Amino acid sequence: MVPVEYYLLLSSAIFCIGLFGVLTRRNALYFLMSVELMLNAANINLIAFSFQWGNLTGQTFALFTIALAAAEVAVGIGIILVLYRNFGDIDVMDAATMRW
Amino acid sequence: MSESDESVVALSPGVAAVALFGVLAAVVVGAAGGFPEPNGFPADASIVHNLGYALFDIDLGDIPAEGFLAAFLIIAIALDVALDSAVYLAKRETDGTIISALTTGGSEVVDSDVVGSSDGDAADDADRGGDA
């Protein structure tokens, strides 16, 4: 059996790749993909510990996370559409009207 | 600010992400060996069946899990809200009027398009459930 530390290392790497994308990319689609990476890193943790303790609660939680990720993408793509209509681009730095 | 300074500023958040991975990796490697052998799941138990039991809060499963019926219903509502908001965001608006996503590209429905309304009297409006 694979020790849980390897899963933790994998999920840390995926989370940090997602964080890197969120912090450095300006394209809203890349933004969404990076957030998905971060959510999936959390899913790996949930499922790894579900296996570690022999309890299905983590796997069920991961299902809910997947559903929430789908909802987030649906709203996110709607926002990207509006961004493109209003600014002619999907650069997140363009939408600065409400920036403090 | 020179071009090289700008590139350094643009890359600094990325360096922060890499640094965070370094910290996380150090913590994980430091905790290596601190966990017991994985319990795993029984070989003859169906994971999918047990997930279904957990989702609907049915007490028939072989693998321990909590009940998630309330969370399941709340997530269902959240997905409905997300679908509605995605449709709302995606549809075009003209002159501030909300155009229904279920019409043919937002074209106006005129009486002659509706079957059985060629004479346009009030009885036909009532027949097709109109509010005229």
# chains A, B, ... in the order shown; residues from 1 in each chain; ligands from 1
$ interface_residues --of "chain A" --to "chain B" --cutoff "9 Å" --atoms "only C-alpha atoms" --output "mmCIF file with N, CA, C and O atoms, in the first residue's frame"
data_model
loop_
_atom_site.group_PDB
_atom_site.id
_atom_site.type_symbol
_atom_site.label_atom_id
_atom_site.label_comp_id
_atom_site.auth_asym_id
_atom_site.auth_seq_id
_atom_site.Cartn_x
_atom_site.Cartn_y
_atom_site.Cartn_z
ATOM 1 N N MET A 1 0.843 -1.201 0.000
ATOM 2 C CA MET A 1 0.000 0.000 0.000
ATOM 3 C C MET A 1 0.879 1.252 0.000
ATOM 4 O O MET A 1 1.916 1.281 0.655
ATOM 5 N N VAL A 2 0.427 2.262 -0.714
ATOM 6 C CA VAL A 2 1.182 3.512 -0.799
ATOM 7 C C VAL A 2 0.985 4.301 0.501
ATOM 8 O O VAL A 2 -0.149 4.520 0.920
ATOM 9 N N PRO A 3 2.048 4.710 1.156
ATOM 10 C CA PRO A 3 1.893 5.494 2.391
ATOM 11 C C PRO A 3 1.219 6.834 2.116
ATOM 12 O O PRO A 3 1.339 7.394 1.025
ATOM 13 N N VAL A 4 0.528 7.340 3.124
ATOM 14 C CA VAL A 4 -0.267 8.552 2.938
ATOM 15 C C VAL A 4 0.614 9.775 2.681
ATOM 16 O O VAL A 4 0.175 10.757 2.064
ATOM 17 N N GLU A 5 1.870 9.717 3.095
ATOM 18 C CA GLU A 5 2.745 10.876 2.893
ATOM 19 C C GLU A 5 2.940 11.194 1.412
ATOM 20 O O GLU A 5 3.067 12.355 1.024
ATOM 21 N N TYR A 6 2.972 10.152 0.584
ATOM 22 C CA TYR A 6 3.144 10.381 -0.856
ATOM 23 C C TYR A 6 1.948 11.134 -1.427
ATOM 24 O O TYR A 6 2.085 11.997 -2.284
ATOM 25 N N LEU A 8 0.086 13.147 0.256
ATOM 26 C CA LEU A 8 0.186 14.519 0.766
ATOM 27 C C LEU A 8 1.152 15.346 -0.074
ATOM 28 O O LEU A 8 0.885 16.507 -0.400
ATOM 29 N N LEU A 9 2.275 14.712 -0.435
ATOM 30 C CA LEU A 9 3.263 15.411 -1.255
ATOM 31 C C LEU A 9 2.674 15.742 -2.630
ATOM 32 O O LEU A 9 2.848 16.861 -3.143
ATOM 33 N N SER A 12 0.163 18.530 -2.255
ATOM 34 C CA SER A 12 0.855 19.815 -2.024
ATOM 35 C C SER A 12 1.368 20.370 -3.343
ATOM 36 O O SER A 12 1.238 21.573 -3.616
ATOM 37 N N ALA A 13 1.970 19.492 -4.154
ATOM 38 C CA ALA A 13 2.508 19.950 -5.442
ATOM 39 C C ALA A 13 1.395 20.486 -6.336
ATOM 40 O O ALA A 13 1.515 21.572 -6.927
ATOM 41 N N PHE A 15 -1.561 21.596 -5.447
ATOM 42 C CA PHE A 15 -2.089 22.835 -4.875
ATOM 43 C C PHE A 15 -1.194 24.020 -5.208
ATOM 44 O O PHE A 15 -1.671 25.097 -5.593
ATOM 45 N N CYS A 16 0.110 23.822 -5.082
ATOM 46 C CA CYS A 16 1.032 24.938 -5.337
ATOM 47 C C CYS A 16 1.084 25.291 -6.826
ATOM 48 O O CYS A 16 1.260 26.462 -7.170
ATOM 49 N N ILE A 17 0.928 24.298 -7.690
ATOM 50 C CA ILE A 17 0.845 24.607 -9.125
ATOM 51 C C ILE A 17 -0.395 25.469 -9.390
ATOM 52 O O ILE A 17 -0.349 26.467 -10.120
ATOM 53 N N GLY A 18 -1.513 25.094 -8.751
ATOM 54 C CA GLY A 18 -2.735 25.899 -8.897
ATOM 55 C C GLY A 18 -2.549 27.301 -8.355
ATOM 56 O O GLY A 18 -2.964 28.287 -8.969
ATOM 57 N N LEU A 19 -1.912 27.389 -7.195
ATOM 58 C CA LEU A 19 -1.672 28.708 -6.595
ATOM 59 C C LEU A 19 -0.772 29.547 -7.493
ATOM 60 O O LEU A 19 -1.001 30.753 -7.680
ATOM 61 N N PHE A 20 0.239 28.904 -8.057
ATOM 62 C CA PHE A 20 1.144 29.600 -8.989
ATOM 63 C C PHE A 20 0.333 30.174 -10.156
ATOM 64 O O PHE A 20 0.516 31.336 -10.543
ATOM 65 N N GLY A 21 -0.588 29.363 -10.691
ATOM 66 C CA GLY A 21 -1.406 29.835 -11.808
ATOM 67 C C GLY A 21 -2.291 31.005 -11.418
ATOM 68 O O GLY A 21 -2.420 31.985 -12.157
ATOM 69 N N LEU A 23 -1.795 33.175 -9.082
ATOM 70 C CA LEU A 23 -1.030 34.381 -8.767
ATOM 71 C C LEU A 23 -0.369 35.003 -9.993
ATOM 72 O O LEU A 23 -0.108 36.208 -10.005
ATOM 73 N N THR A 24 -0.057 34.201 -10.995
ATOM 74 C CA THR A 24 0.731 34.743 -12.105
ATOM 75 C C THR A 24 -0.058 34.936 -13.398
ATOM 76 O O THR A 24 0.339 35.755 -14.221
ATOM 77 N N PHE A 49 -6.926 10.264 3.013
ATOM 78 C CA PHE A 49 -7.201 10.027 4.430
ATOM 79 C C PHE A 49 -8.429 9.141 4.625
ATOM 80 O O PHE A 49 -8.527 8.441 5.635
ATOM 81 N N SER A 50 -9.335 9.159 3.664
ATOM 82 C CA SER A 50 -10.450 8.214 3.712
ATOM 83 C C SER A 50 -9.913 6.786 3.679
ATOM 84 O O SER A 50 -10.347 5.912 4.444
ATOM 85 N N PHE A 51 -8.937 6.542 2.804
ATOM 86 C CA PHE A 51 -8.319 5.218 2.713
ATOM 87 C C PHE A 51 -7.486 4.917 3.950
ATOM 88 O O PHE A 51 -7.470 3.787 4.460
ATOM 89 N N GLN A 52 -6.813 5.943 4.441
ATOM 90 C CA GLN A 52 -5.938 5.756 5.602
ATOM 91 C C GLN A 52 -6.730 5.256 6.813
ATOM 92 O O GLN A 52 -6.303 4.351 7.513
ATOM 93 N N TRP A 53 -7.895 5.851 7.055
ATOM 94 C CA TRP A 53 -8.654 5.505 8.259
ATOM 95 C C TRP A 53 -9.779 4.521 7.983
ATOM 96 O O TRP A 53 -10.547 4.197 8.895
ATOM 97 N N GLY A 54 -9.942 4.094 6.723
ATOM 98 C CA GLY A 54 -10.978 3.107 6.414
ATOM 99 C C GLY A 54 -12.380 3.629 6.617
ATOM 100 O O GLY A 54 -13.282 2.895 7.034
ATOM 101 N N ASN A 55 -12.581 4.913 6.306
ATOM 102 C CA ASN A 55 -13.883 5.553 6.509
ATOM 103 C C ASN A 55 -14.286 6.271 5.225
ATOM 104 O O ASN A 55 -13.461 6.951 4.609
ATOM 105 N N LEU A 56 -15.543 6.140 4.816
ATOM 106 C CA LEU A 56 -15.955 6.690 3.521
ATOM 107 C C LEU A 56 -16.339 8.166 3.565
ATOM 108 O O LEU A 56 -16.703 8.731 2.534
ATOM 109 N N THR A 57 -16.283 8.776 4.728
ATOM 110 C CA THR A 57 -16.686 10.179 4.829
ATOM 111 C C THR A 57 -15.863 11.076 3.906
ATOM 112 O O THR A 57 -16.397 11.965 3.241
ATOM 113 N N GLY A 58 -14.582 10.823 3.818
ATOM 114 C CA GLY A 58 -13.720 11.644 2.957
ATOM 115 C C GLY A 58 -14.088 11.524 1.499
ATOM 116 O O GLY A 58 -14.119 12.527 0.769
ATOM 117 N N GLN A 59 -14.366 10.309 1.061
ATOM 118 C CA GLN A 59 -14.744 10.129 -0.352
ATOM 119 C C GLN A 59 -16.068 10.819 -0.651
ATOM 120 O O GLN A 59 -16.242 11.416 -1.721
ATOM 121 N N THR A 60 -17.007 10.751 0.286
ATOM 122 C CA THR A 60 -18.289 11.426 0.078
ATOM 123 C C THR A 60 -18.080 12.938 0.004
ATOM 124 O O THR A 60 -18.675 13.621 -0.838
ATOM 125 N N PHE A 61 -17.215 13.426 0.873
ATOM 126 C CA PHE A 61 -16.899 14.862 0.854
ATOM 127 C C PHE A 61 -16.275 15.257 -0.479
ATOM 128 O O PHE A 61 -16.554 16.334 -1.023
ATOM 129 N N PHE A 64 -18.860 15.889 -3.002
ATOM 130 C CA PHE A 64 -19.472 17.213 -2.846
ATOM 131 C C PHE A 64 -18.550 18.299 -3.397
ATOM 132 O O PHE A 64 -18.999 19.280 -3.993
ATOM 133 N N ALA A 67 -18.943 18.452 -7.053
ATOM 134 C CA ALA A 67 -20.186 19.130 -7.431
ATOM 135 C C ALA A 67 -20.042 20.646 -7.287
ATOM 136 O O ALA A 67 -20.466 21.418 -8.155
ATOM 137 N N LEU A 68 -19.417 21.071 -6.195
ATOM 138 C CA LEU A 68 -19.221 22.517 -5.997
ATOM 139 C C LEU A 68 -18.287 23.089 -7.052
ATOM 140 O O LEU A 68 -18.465 24.224 -7.505
ATOM 141 N N ALA A 70 -18.068 22.043 -10.083
ATOM 142 C CA ALA A 70 -18.862 22.179 -11.305
ATOM 143 C C ALA A 70 -19.696 23.449 -11.254
ATOM 144 O O ALA A 70 -19.782 24.201 -12.240
ATOM 145 N N ALA A 71 -20.295 23.714 -10.098
ATOM 146 C CA ALA A 71 -21.092 24.933 -9.943
ATOM 147 C C ALA A 71 -20.219 26.168 -10.121
ATOM 148 O O ALA A 71 -20.604 27.138 -10.791
ATOM 149 N N GLU A 72 -19.031 26.116 -9.548
ATOM 150 C CA GLU A 72 -18.110 27.253 -9.643
ATOM 151 C C GLU A 72 -17.702 27.509 -11.089
ATOM 152 O O GLU A 72 -17.638 28.659 -11.538
ATOM 153 N N VAL A 73 -17.464 26.434 -11.849
ATOM 154 C CA VAL A 73 -17.085 26.601 -13.250
ATOM 155 C C VAL A 73 -18.249 27.168 -14.057
ATOM 156 O O VAL A 73 -18.051 28.030 -14.936
ATOM 157 N N ALA A 74 -19.469 26.719 -13.750
ATOM 158 C CA ALA A 74 -20.630 27.237 -14.481
ATOM 159 C C ALA A 74 -20.744 28.749 -14.297
ATOM 160 O O ALA A 74 -20.890 29.502 -15.273
ATOM 161 N N VAL A 75 -20.647 29.193 -13.055
ATOM 162 C CA VAL A 75 -20.731 30.630 -12.796
ATOM 163 C C VAL A 75 -19.506 31.345 -13.366
ATOM 164 O O VAL A 75 -19.609 32.438 -13.954
ATOM 165 N N GLY A 76 -18.342 30.720 -13.237
ATOM 166 C CA GLY A 76 -17.116 31.340 -13.731
ATOM 167 C C GLY A 76 -17.146 31.570 -15.229
ATOM 168 O O GLY A 76 -16.739 32.636 -15.705
ATOM 169 N N ILE A 77 -17.627 30.598 -15.968
ATOM 170 C CA ILE A 77 -17.682 30.771 -17.420
ATOM 171 C C ILE A 77 -18.708 31.843 -17.786
ATOM 172 O O ILE A 77 -18.494 32.630 -18.721
ATOM 173 N N GLY A 78 -19.805 31.920 -17.032
ATOM 174 C CA GLY A 78 -20.752 33.017 -17.255
ATOM 175 C C GLY A 78 -20.102 34.366 -17.033
ATOM 176 O O GLY A 78 -20.275 35.303 -17.823
ATOM 177 N N ILE A 79 -19.305 34.469 -15.976
ATOM 178 C CA ILE A 79 -18.602 35.728 -15.696
ATOM 179 C C ILE A 79 -17.604 36.038 -16.810
ATOM 180 O O ILE A 79 -17.465 37.194 -17.239
ATOM 181 N N LEU A 81 -17.858 35.178 -19.923
ATOM 182 C CA LEU A 81 -18.635 35.660 -21.075
ATOM 183 C C LEU A 81 -18.956 37.141 -20.936
ATOM 184 O O LEU A 81 -18.792 37.932 -21.875
ATOM 185 N N VAL A 82 -19.427 37.522 -19.752
ATOM 186 C CA VAL A 82 -19.761 38.930 -19.516
ATOM 187 C C VAL A 82 -18.512 39.800 -19.616
ATOM 188 O O VAL A 82 -18.538 40.906 -20.190
#
$ select_by_dssp --residues "chain A" --states "helix (DSSP H, G or I)" --output "VMD selection string"
chain A and resid 4 to 24 28 to 53 57 to 87
$ atom_distance --atom1 "CA of Asp94 in chain A" --atom2 "CA of Ile80 in chain A"
11.8 Å
$ closest_residue --among "A:Ile14, A:Met93, A:Ala48, A:Ala62" --to "Met33 in chain A" --atoms "only C-alpha atoms"
A:Ile14
$ atom_distance --atom1 "CA of Met98 in chain A" --atom2 "CA of Glu36 in chain A"
25.5 Å
$ atom_distance --atom1 "CA of Ala45 in chain B" --atom2 "CA of Asp62 in chain B"
6.6 Å
